[in-house]
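Notes for the one structure printed next.
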Amino acid sequence: MDMKSPPSDTALCILGESNVTLFGKTLPERIAVQFARAGLTRTLTPDEARRHQGPLLIVRADAVLDQPLVAGLLSTPGLVLLASEGDAALAAHVDASHLPAIESAFKGGGIPVIAGLRALAPADLDVAFWKALRKRETPYALLVTPKNCDAIAWRMFMGTYKGATDLVTKHLWPRPAFHVTRFLAARHVTPNMVTSVAAVATVAAFFLFLKGDYGWGLLAAWLMTFLDTVDGKLARTTLTSSKWGDVFDHGIDLVHPPFWYIAWALGLSAWGQELSAPAFWWVTLIILGGYVLQRIFEGISIKWLGLEIHIWRRIDTFFRQITARRNPNLILLTLGWLFWRPDLGLLAVAAWTLICLVLHALQLMQGLSAKTQAGGTLTSWMAQK
């Protein structure tokens, strides 16, 4: 949800106390950081809030709110936000004169009865489509206790996942990445530190592939892909994402795959499976050309269709899991190495890249045709109610 800066007389008031820590921050710390990142930096104590003249964002100290709900609260005066489970009020955007009633409702675990206020649960708000994370998901608003904090930490972690991604990231990495992310967050390791280690693994994989040391190279490559999941999740769960971190992470993601494939092809000579000169150039052309063209197709889709091609239809989101990108291609390379035929692994990557290139071209043509028939607008299936 797009957010304008809140009025200058708006302030945040966190009611109550909580010592529960999630991903390196106490719940009141998380709430304050979330609203500050959304543009509301003025925080008042309850005593200060009682003397305040103007709008208040009032939040329970033992609540955890998904980020879209923060923007929703800021942009909706008169909203009382209810918990996702049950009907306890967790937050409200009201005039300061309503603070006593809100405070009483928070303590009693009920819903404040105030004329002109709307009490809504997250499912009742129009914030289910997350364009930035390419997914459709109802945000959470939950009460946290020492007993349920582990379950809520898992819910928070899974909430940082993109809806359209590859099958390894979606199905294999979540559980181990969750434990590593919690471990690192508790020790205040930054996402950029993780990305730096991933960059070292990226370079190591390149040189190991170049030497034909595919086993160690694959270990470094899979470590890099795992850390590529962890750094993003660490940034979102600890509320420390930054423009530089995004550029650093995505810059590595964008640049390294072609170098890995070329190094793998050159390393085949150490196995006595060196490709002939024509085969080498054809394989290189198909893999690198397909990689670049797929990225171009994605850019055209964003510019001309107004959305990423992977989230247009359900079939497109499913296809994103297996399309010829780094992780699915690594599966093919790993299988080739396991069967002692790394050359066939590389040829499989080339063949799959070519197939996916044709399918992506068809997707794009279908999208352009559908846009024309729809009068110039396409809508992701995730944004449809």
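Lettering and numbering for the structure tokens are positional, with chains as A, B, ... in the shown order, residues counted from 1 in each chain, and ligands counted from 1 in the shown order.
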Exercise for the section: Find the spatial neighbours of Gly215 in chain A, counting only C-alpha atoms, within a cut-off of 10 Å - ignore same-chain residues fewer than 3 positions away - and output them as number ranges by chain. Expected result: A: 205, 208-209, 212, 218-221, 334, 337-338
Write the residues of the selection above to a file with C-alpha atoms, as an mmCIF file, in the first residue's frame.
data_model
loop_
_atom_site.group_PDB
_atom_site.id
_atom_site.type_symbol
_atom_site.label_atom_id
_atom_site.label_comp_id
_atom_site.auth_asym_id
_atom_site.auth_seq_id
_atom_site.Cartn_x
_atom_site.Cartn_y
_atom_site.Cartn_z
ATOM 1 C CA ALA A 205 32.168 -21.754 -6.893
ATOM 2 C CA LEU A 208 36.154 -24.553 -8.435
ATOM 3 C CA PHE A 209 33.948 -25.130 -11.482
ATOM 4 C CA GLY A 212 36.605 -29.192 -12.640
ATOM 5 C CA LEU A 218 28.461 -27.303 -6.009
ATOM 6 C CA LEU A 219 28.838 -27.163 -2.244
ATOM 7 C CA ALA A 220 29.904 -23.507 -2.519
ATOM 8 C CA ALA A 221 27.137 -22.790 -5.033
ATOM 9 C CA THR A 334 24.154 -31.547 -9.576
ATOM 10 C CA TRP A 337 27.816 -34.589 -11.442
ATOM 11 C CA LEU A 338 26.189 -37.320 -9.326
#
Practice task
Please identify which residues in range 168-324 of chain A DSSP calls alpha helix (DSSP H) from the backbone, and express them as a PyMOL selection string.
Solution key: chain A and resi 174-186+191-211+214-237+243-267+277-300+314-322
Could you write those residues out with C-alpha atoms, as a tab-separated table (two decimals), in the first residue's frame?
chain	number	residue	atom	x	y	z
A	174	PRO	CA	12.41	-22.46	4.58
A	175	ARG	CA	12.94	-24.64	7.66
A	176	PRO	CA	16.78	-24.50	7.82
A	177	ALA	CA	16.76	-20.84	6.77
A	178	PHE	CA	14.34	-20.07	9.62
A	179	HIS	CA	16.67	-21.49	12.26
A	180	VAL	CA	19.73	-19.80	10.78
A	181	THR	CA	17.90	-16.47	10.49
A	182	ARG	CA	16.80	-16.60	14.16
A	183	PHE	CA	20.32	-17.52	15.23
A	184	LEU	CA	21.89	-14.65	13.31
A	185	ALA	CA	19.24	-12.12	14.33
A	186	ALA	CA	19.78	-12.87	18.01
A	191	PRO	CA	22.06	-8.96	6.20
A	192	ASN	CA	24.99	-7.35	4.38
A	193	MET	CA	27.39	-9.55	6.37
A	194	VAL	CA	25.51	-12.60	5.13
A	195	THR	CA	25.50	-11.26	1.57
A	196	SER	CA	29.27	-10.73	1.79
A	197	VAL	CA	29.80	-14.38	2.75
A	198	ALA	CA	27.50	-15.36	-0.13
A	199	ALA	CA	29.64	-13.28	-2.48
A	200	VAL	CA	32.76	-15.16	-1.37
A	201	ALA	CA	30.98	-18.47	-1.96
A	202	THR	CA	29.94	-17.22	-5.42
A	203	VAL	CA	33.53	-16.51	-6.43
A	204	ALA	CA	34.74	-19.79	-4.88
A	205	ALA	CA	32.17	-21.75	-6.89
A	206	PHE	CA	33.35	-20.07	-10.09
A	207	PHE	CA	37.00	-21.04	-9.62
A	208	LEU	CA	36.15	-24.55	-8.43
A	209	PHE	CA	33.95	-25.13	-11.48
A	210	LEU	CA	36.73	-23.77	-13.68
A	211	LYS	CA	39.14	-26.39	-12.26
A	214	TYR	CA	32.48	-29.84	-9.29
A	215	GLY	CA	31.72	-31.44	-5.94
A	216	TRP	CA	33.29	-28.65	-3.90
A	217	GLY	CA	32.04	-26.10	-6.40
A	218	LEU	CA	28.46	-27.30	-6.01
A	219	LEU	CA	28.84	-27.16	-2.24
A	220	ALA	CA	29.90	-23.51	-2.52
A	221	ALA	CA	27.14	-22.79	-5.03
A	222	TRP	CA	24.40	-24.32	-2.90
A	223	LEU	CA	25.76	-22.48	0.14
A	224	MET	CA	25.48	-19.27	-1.83
A	225	THR	CA	21.87	-19.96	-2.82
A	226	PHE	CA	21.00	-20.78	0.80
A	227	LEU	CA	22.60	-17.57	2.07
A	228	ASP	CA	20.80	-15.71	-0.70
A	229	THR	CA	17.58	-16.81	0.99
A	230	VAL	CA	18.82	-16.04	4.50
A	231	ASP	CA	20.03	-12.48	3.85
A	232	GLY	CA	16.68	-11.33	2.49
A	233	LYS	CA	14.72	-13.01	5.28
A	234	LEU	CA	17.11	-11.58	7.87
A	235	ALA	CA	16.61	-8.08	6.46
A	236	ARG	CA	12.82	-8.33	6.53
A	237	THR	CA	12.44	-10.03	9.91
A	243	LYS	CA	18.46	0.24	-0.70
A	244	TRP	CA	22.18	-0.61	-0.66
A	245	GLY	CA	21.51	-4.09	0.67
A	246	ASP	CA	18.93	-4.64	-2.05
A	247	VAL	CA	21.36	-3.50	-4.76
A	248	PHE	CA	24.20	-5.58	-3.27
A	249	ASP	CA	22.10	-8.74	-3.06
A	250	HIS	CA	20.31	-8.46	-6.38
A	251	GLY	CA	23.43	-7.31	-8.17
A	252	ILE	CA	25.19	-10.55	-7.24
A	253	ASP	CA	22.10	-12.56	-8.18
A	254	LEU	CA	21.91	-10.94	-11.60
A	255	VAL	CA	25.56	-11.17	-12.60
A	256	HIS	CA	26.96	-14.48	-11.39
A	257	PRO	CA	24.97	-17.30	-13.14
A	258	PRO	CA	26.49	-16.85	-16.63
A	259	PHE	CA	30.01	-17.00	-15.16
A	260	TRP	CA	29.19	-20.25	-13.37
A	261	TYR	CA	27.96	-21.91	-16.58
A	262	ILE	CA	31.02	-20.81	-18.57
A	263	ALA	CA	33.35	-22.02	-15.81
A	264	TRP	CA	31.50	-25.37	-15.70
A	265	ALA	CA	31.92	-25.78	-19.47
A	266	LEU	CA	35.66	-25.00	-19.29
A	267	GLY	CA	36.13	-27.34	-16.31
A	277	ALA	CA	34.57	-26.07	-30.13
A	278	PRO	CA	31.25	-25.86	-32.03
A	279	ALA	CA	29.38	-27.56	-29.17
A	280	PHE	CA	30.98	-25.24	-26.60
A	281	TRP	CA	29.96	-22.12	-28.47
A	282	TRP	CA	26.44	-23.39	-29.16
A	283	VAL	CA	25.90	-24.36	-25.52
A	284	THR	CA	27.33	-21.04	-24.33
A	285	LEU	CA	25.20	-19.09	-26.80
A	286	ILE	CA	22.01	-20.90	-25.81
A	287	ILE	CA	22.55	-20.63	-22.06
A	288	LEU	CA	23.82	-17.05	-21.96
A	289	GLY	CA	21.55	-15.82	-24.75
A	290	GLY	CA	18.56	-17.50	-23.12
A	291	TYR	CA	19.46	-16.02	-19.75
A	292	VAL	CA	19.69	-12.49	-21.15
A	293	LEU	CA	16.56	-12.82	-23.30
A	294	GLN	CA	14.50	-14.14	-20.39
A	295	ARG	CA	15.53	-11.11	-18.35
A	296	ILE	CA	14.59	-8.86	-21.28
A	297	PHE	CA	11.20	-10.57	-21.55
A	298	GLU	CA	10.64	-9.93	-17.84
A	299	GLY	CA	11.54	-6.25	-18.30
A	300	ILE	CA	9.18	-5.93	-21.26
A	314	ARG	CA	-1.60	-19.25	-11.68
A	315	ILE	CA	0.19	-21.33	-14.30
A	316	ASP	CA	2.80	-18.57	-14.67
A	317	THR	CA	3.46	-18.60	-10.92
A	318	PHE	CA	3.82	-22.39	-10.98
A	319	PHE	CA	6.17	-22.20	-13.97
A	320	ARG	CA	8.38	-19.76	-12.07
A	321	GLN	CA	9.23	-22.64	-9.70
A	322	ILE	CA	10.93	-24.66	-12.42
Practice task
Figure out the distance between CA of Asn327 in chain A and CA of Val168 in chain A, please, to one decimal in Å.
Solution key: 6.6 Å
Step one, run DSSP on the backbone; step two, keep only residues of range 112-240 of chain A assigned to strand (DSSP E or B); then write them as a compact mmCIF listing (two decimals) with N, CA and C atoms, in the first residue's frame.
# COMPACT_ATOMS: atom_id res chain seq x y z
N ARG A 118 -14.41 2.12 13.25
CA ARG A 118 -14.67 0.82 12.63
C ARG A 118 -13.68 -0.19 13.16
N ALA A 119 -14.19 -1.28 13.67
CA ALA A 119 -13.33 -2.37 14.17
C ALA A 119 -13.25 -3.44 13.09
N LEU A 120 -12.05 -3.63 12.53
CA LEU A 120 -11.86 -4.56 11.42
C LEU A 120 -10.68 -5.48 11.69
N PHE A 129 -2.97 -8.27 -1.44
CA PHE A 129 -2.04 -8.41 -2.56
C PHE A 129 -0.78 -7.62 -2.27
N TRP A 130 0.36 -8.33 -2.21
CA TRP A 130 1.65 -7.72 -1.94
C TRP A 130 2.45 -7.68 -3.24
N LYS A 135 2.91 -11.85 -4.09
CA LYS A 135 2.09 -12.88 -3.47
C LYS A 135 0.76 -12.30 -3.00
N ARG A 136 -0.18 -13.19 -2.75
CA ARG A 136 -1.44 -12.83 -2.14
C ARG A 136 -1.52 -13.53 -0.80
N ALA A 141 -2.06 -10.00 12.45
CA ALA A 141 -2.05 -9.13 13.62
C ALA A 141 -2.29 -10.07 14.80
N LEU A 142 -1.28 -10.24 15.63
CA LEU A 142 -1.33 -11.30 16.64
C LEU A 142 -0.87 -10.81 18.00
N LEU A 143 -1.44 -11.42 19.02
CA LEU A 143 -0.97 -11.22 20.38
C LEU A 143 0.13 -12.23 20.66
Practice task
Would you work out the distance separating CA of Ala92 in chain A from CA of Leu117 in chain A, expressed in Å to one decimal?
Solution key: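 Atom-to-atom, CA of Ala92 in chain A and CA of Leu117 in chain A are spaced 9.1 Å apart.
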Exercise for the section: Pick out the residues sitting within 12 Å of Ala101 in chain A, and hand them over as a PyMOL selection string; count only C-alpha atoms, and ignore anything fewer than 3 positions along from it in its own chain. Expected result: chain A and resi 50+58+80+89+92+94-98+104-108+110-115+117
Output file for the selection above: N, CA and C atoms, as a compact mmCIF listing (two decimals), in the first residue's frame:
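selection_9.txt was written with the following content:
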# COMPACT_ATOMS: atom_id res chain seq x y z
N ARG A 50 -1.74 11.33 26.83
CA ARG A 50 -2.96 11.86 27.45
C ARG A 50 -3.04 13.38 27.34
N ILE A 58 -2.33 4.04 18.36
CA ILE A 58 -2.19 3.35 19.64
C ILE A 58 -2.04 1.85 19.36
N VAL A 80 -10.00 0.64 14.12
CA VAL A 80 -9.54 -0.18 15.24
C VAL A 80 -9.19 -1.54 14.66
N ALA A 89 -8.82 -6.15 20.38
CA ALA A 89 -8.30 -4.98 19.68
C ALA A 89 -6.81 -4.85 19.95
N ALA A 92 -5.16 1.05 17.07
CA ALA A 92 -6.22 1.98 16.67
C ALA A 92 -5.60 3.28 16.18
N VAL A 94 -6.88 6.89 16.19
CA VAL A 94 -7.98 7.68 16.75
C VAL A 94 -7.47 9.04 17.21
N ASP A 95 -8.42 9.89 17.58
CA ASP A 95 -8.05 11.14 18.22
C ASP A 95 -7.59 10.86 19.65
N ALA A 96 -6.69 11.69 20.15
CA ALA A 96 -6.13 11.45 21.48
C ALA A 96 -7.20 11.40 22.57
N SER A 97 -8.35 12.04 22.33
CA SER A 97 -9.41 12.03 23.33
C SER A 97 -9.98 10.64 23.56
N HIS A 98 -9.77 9.73 22.60
CA HIS A 98 -10.28 8.37 22.74
C HIS A 98 -9.30 7.43 23.44
N SER A 104 -8.77 1.07 27.98
CA SER A 104 -9.66 0.18 28.73
C SER A 104 -9.98 -1.08 27.93
N ALA A 105 -10.21 -0.91 26.63
CA ALA A 105 -10.50 -2.06 25.77
C ALA A 105 -9.30 -2.99 25.67
N PHE A 106 -8.10 -2.41 25.56
CA PHE A 106 -6.89 -3.23 25.50
C PHE A 106 -6.75 -4.07 26.77
N LYS A 107 -6.98 -3.44 27.92
CA LYS A 107 -6.84 -4.16 29.19
C LYS A 107 -7.90 -5.23 29.35
N GLY A 108 -9.11 -4.97 28.86
CA GLY A 108 -10.19 -5.94 28.99
C GLY A 108 -10.24 -6.98 27.91
N GLY A 110 -11.32 -6.56 24.88
CA GLY A 110 -12.52 -6.44 24.06
C GLY A 110 -12.37 -5.41 22.96
N ILE A 111 -13.51 -5.01 22.41
CA ILE A 111 -13.54 -4.05 21.32
C ILE A 111 -14.09 -2.74 21.85
N PRO A 112 -13.38 -1.63 21.67
CA PRO A 112 -13.90 -0.35 22.15
C PRO A 112 -15.16 0.07 21.39
N VAL A 113 -16.15 0.53 22.13
CA VAL A 113 -17.39 0.99 21.51
C VAL A 113 -17.36 2.51 21.48
N ILE A 114 -16.98 3.06 20.34
CA ILE A 114 -16.85 4.50 20.17
C ILE A 114 -17.52 4.87 18.85
N ALA A 115 -18.40 5.82 18.89
CA ALA A 115 -19.10 6.25 17.68
C ALA A 115 -18.11 6.72 16.62
N LEU A 117 -15.97 4.86 14.93
CA LEU A 117 -14.83 3.98 14.73
C LEU A 117 -15.27 2.66 14.10
Practice task
Name the closest residue to Thr190 in chain A among the candidates A:Asn148, A:Leu239, A:Ala121, A:Lys170; distances are taken between atoms, counting only C-alpha atoms.
Solution key: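 Answer, going by the shortest atom-to-atom distance: A:Leu239.
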Leaving out range 11-17 of chain A and any residue of its chain fewer than 6 positions from it, which residues lie within 9 Å of it when counting only C-alpha atoms, given as a PDB file with N, CA and C atoms, in the first residue's frame?
ATOM      1  N   LEU A  27       9.095  -6.588  21.286  1.00  0.00           N
ATOM      2  CA  LEU A  27       7.907  -6.218  20.520  1.00  0.00           C
ATOM      3  C   LEU A  27       7.715  -4.698  20.459  1.00  0.00           C
ATOM      4  N   PRO A  28       7.866  -3.950  21.576  1.00  0.00           N
ATOM      5  CA  PRO A  28       7.749  -2.487  21.451  1.00  0.00           C
ATOM      6  C   PRO A  28       8.797  -1.882  20.515  1.00  0.00           C
ATOM      7  N   ILE A  31       7.570  -2.467  16.957  1.00  0.00           N
ATOM      8  CA  ILE A  31       6.471  -1.581  16.603  1.00  0.00           C
ATOM      9  C   ILE A  31       6.992  -0.189  16.277  1.00  0.00           C
ATOM     10  N   ALA A  32       7.877   0.329  17.127  1.00  0.00           N
ATOM     11  CA  ALA A  32       8.426   1.668  16.901  1.00  0.00           C
ATOM     12  C   ALA A  32       9.188   1.747  15.588  1.00  0.00           C
ATOM     13  N   PHE A  35       6.716   1.659  12.473  1.00  0.00           N
ATOM     14  CA  PHE A  35       6.036   2.927  12.195  1.00  0.00           C
ATOM     15  C   PHE A  35       7.029   3.994  11.746  1.00  0.00           C
ATOM     16  N   LEU A  40       6.263   7.554  10.536  1.00  0.00           N
ATOM     17  CA  LEU A  40       5.813   8.105  11.813  1.00  0.00           C
ATOM     18  C   LEU A  40       6.916   7.907  12.851  1.00  0.00           C
ATOM     19  N   THR A  41       7.661   8.961  13.116  1.00  0.00           N
ATOM     20  CA  THR A  41       8.819   8.857  14.012  1.00  0.00           C
ATOM     21  C   THR A  41       8.546   9.406  15.401  1.00  0.00           C
ATOM     22  N   ARG A  42       7.449  10.078  15.582  1.00  0.00           N
ATOM     23  CA  ARG A  42       7.150  10.682  16.883  1.00  0.00           C
ATOM     24  C   ARG A  42       6.462   9.667  17.789  1.00  0.00           C
ATOM     25  N   THR A  43       7.087   9.333  18.896  1.00  0.00           N
ATOM     26  CA  THR A  43       6.551   8.359  19.842  1.00  0.00           C
ATOM     27  C   THR A  43       6.343   9.012  21.194  1.00  0.00           C
ATOM     28  N   LEU A  44       5.166   8.778  21.787  1.00  0.00           N
ATOM     29  CA  LEU A  44       4.819   9.355  23.080  1.00  0.00           C
ATOM     30  C   LEU A  44       4.602   8.257  24.112  1.00  0.00           C
ATOM     31  N   THR A  45       4.944   8.553  25.343  1.00  0.00           N
ATOM     32  CA  THR A  45       4.584   7.659  26.440  1.00  0.00           C
ATOM     33  C   THR A  45       3.084   7.804  26.695  1.00  0.00           C
ATOM     34  N   PRO A  46       2.468   6.862  27.423  1.00  0.00           N
ATOM     35  CA  PRO A  46       1.034   7.003  27.722  1.00  0.00           C
ATOM     36  C   PRO A  46       0.710   8.318  28.430  1.00  0.00           C
ATOM     37  N   GLU A  48       2.353  11.177  28.184  1.00  0.00           N
ATOM     38  CA  GLU A  48       2.464  12.244  27.187  1.00  0.00           C
ATOM     39  C   GLU A  48       1.280  12.209  26.231  1.00  0.00           C
ATOM     40  N   ALA A  49       0.843  11.001  25.871  1.00  0.00           N
ATOM     41  CA  ALA A  49      -0.267  10.860  24.932  1.00  0.00           C
ATOM     42  C   ALA A  49      -1.561  11.420  25.506  1.00  0.00           C
ATOM     43  N   HIS A  52      -1.753  14.913  24.666  1.00  0.00           N
ATOM     44  CA  HIS A  52      -1.563  15.198  23.238  1.00  0.00           C
ATOM     45  C   HIS A  52      -2.852  15.745  22.620  1.00  0.00           C
ATOM     46  N   GLY A  54      -4.359  15.807  19.054  1.00  0.00           N
ATOM     47  CA  GLY A  54      -4.237  15.372  17.673  1.00  0.00           C
ATOM     48  C   GLY A  54      -4.396  13.865  17.537  1.00  0.00           C
ATOM     49  N   PRO A  55      -4.152  13.327  16.337  1.00  0.00           N
ATOM     50  CA  PRO A  55      -4.331  11.896  16.095  1.00  0.00           C
ATOM     51  C   PRO A  55      -3.265  11.059  16.810  1.00  0.00           C
ATOM     52  N   LEU A  56      -3.672   9.868  17.209  1.00  0.00           N
ATOM     53  CA  LEU A  56      -2.762   8.907  17.832  1.00  0.00           C
ATOM     54  C   LEU A  56      -2.861   7.571  17.123  1.00  0.00           C
ATOM     55  N   LEU A  57      -1.716   6.934  16.947  1.00  0.00           N
ATOM     56  CA  LEU A  57      -1.659   5.521  16.573  1.00  0.00           C
ATOM     57  C   LEU A  57      -1.360   4.765  17.847  1.00  0.00           C
ATOM     58  N   ILE A  58      -2.331   4.036  18.361  1.00  0.00           N
ATOM     59  CA  ILE A  58      -2.185   3.351  19.638  1.00  0.00           C
ATOM     60  C   ILE A  58      -2.036   1.854  19.363  1.00  0.00           C
ATOM     61  N   VAL A  59      -0.982   1.248  19.899  1.00  0.00           N
ATOM     62  CA  VAL A  59      -0.702  -0.163  19.639  1.00  0.00           C
ATOM     63  C   VAL A  59      -0.367  -0.859  20.957  1.00  0.00           C
ATOM     64  N   ARG A  60      -0.888  -2.059  21.126  1.00  0.00           N
ATOM     65  CA  ARG A  60      -0.540  -2.860  22.297  1.00  0.00           C
ATOM     66  C   ARG A  60       0.925  -3.271  22.232  1.00  0.00           C
ATOM     67  N   ALA A  61       1.596  -3.241  23.356  1.00  0.00           N
ATOM     68  CA  ALA A  61       3.018  -3.582  23.404  1.00  0.00           C
ATOM     69  C   ALA A  61       3.258  -5.061  23.175  1.00  0.00           C
ATOM     70  N   ASP A  62       2.238  -5.904  23.377  1.00  0.00           N
ATOM     71  CA  ASP A  62       2.407  -7.348  23.184  1.00  0.00           C
ATOM     72  C   ASP A  62       1.827  -7.811  21.858  1.00  0.00           C
ATOM     73  N   GLU A 103      -7.522   2.324  25.829  1.00  0.00           N
ATOM     74  CA  GLU A 103      -6.711   1.700  26.868  1.00  0.00           C
ATOM     75  C   GLU A 103      -7.544   0.713  27.679  1.00  0.00           C
ATOM     76  N   PHE A 106      -8.100  -2.405  25.558  1.00  0.00           N
ATOM     77  CA  PHE A 106      -6.887  -3.226  25.499  1.00  0.00           C
ATOM     78  C   PHE A 106      -6.754  -4.072  26.770  1.00  0.00           C
ATOM     79  N   LYS A 107      -6.982  -3.443  27.924  1.00  0.00           N
ATOM     80  CA  LYS A 107      -6.838  -4.156  29.190  1.00  0.00           C
ATOM     81  C   LYS A 107      -7.895  -5.234  29.348  1.00  0.00           C
TER      82      LYS A 107
END
Practice task
Record the distance separating CA of Leu346 in chain A and CA of Asn329 in chain A, expressed in Å with one decimal.
Solution key: 8.7 Å
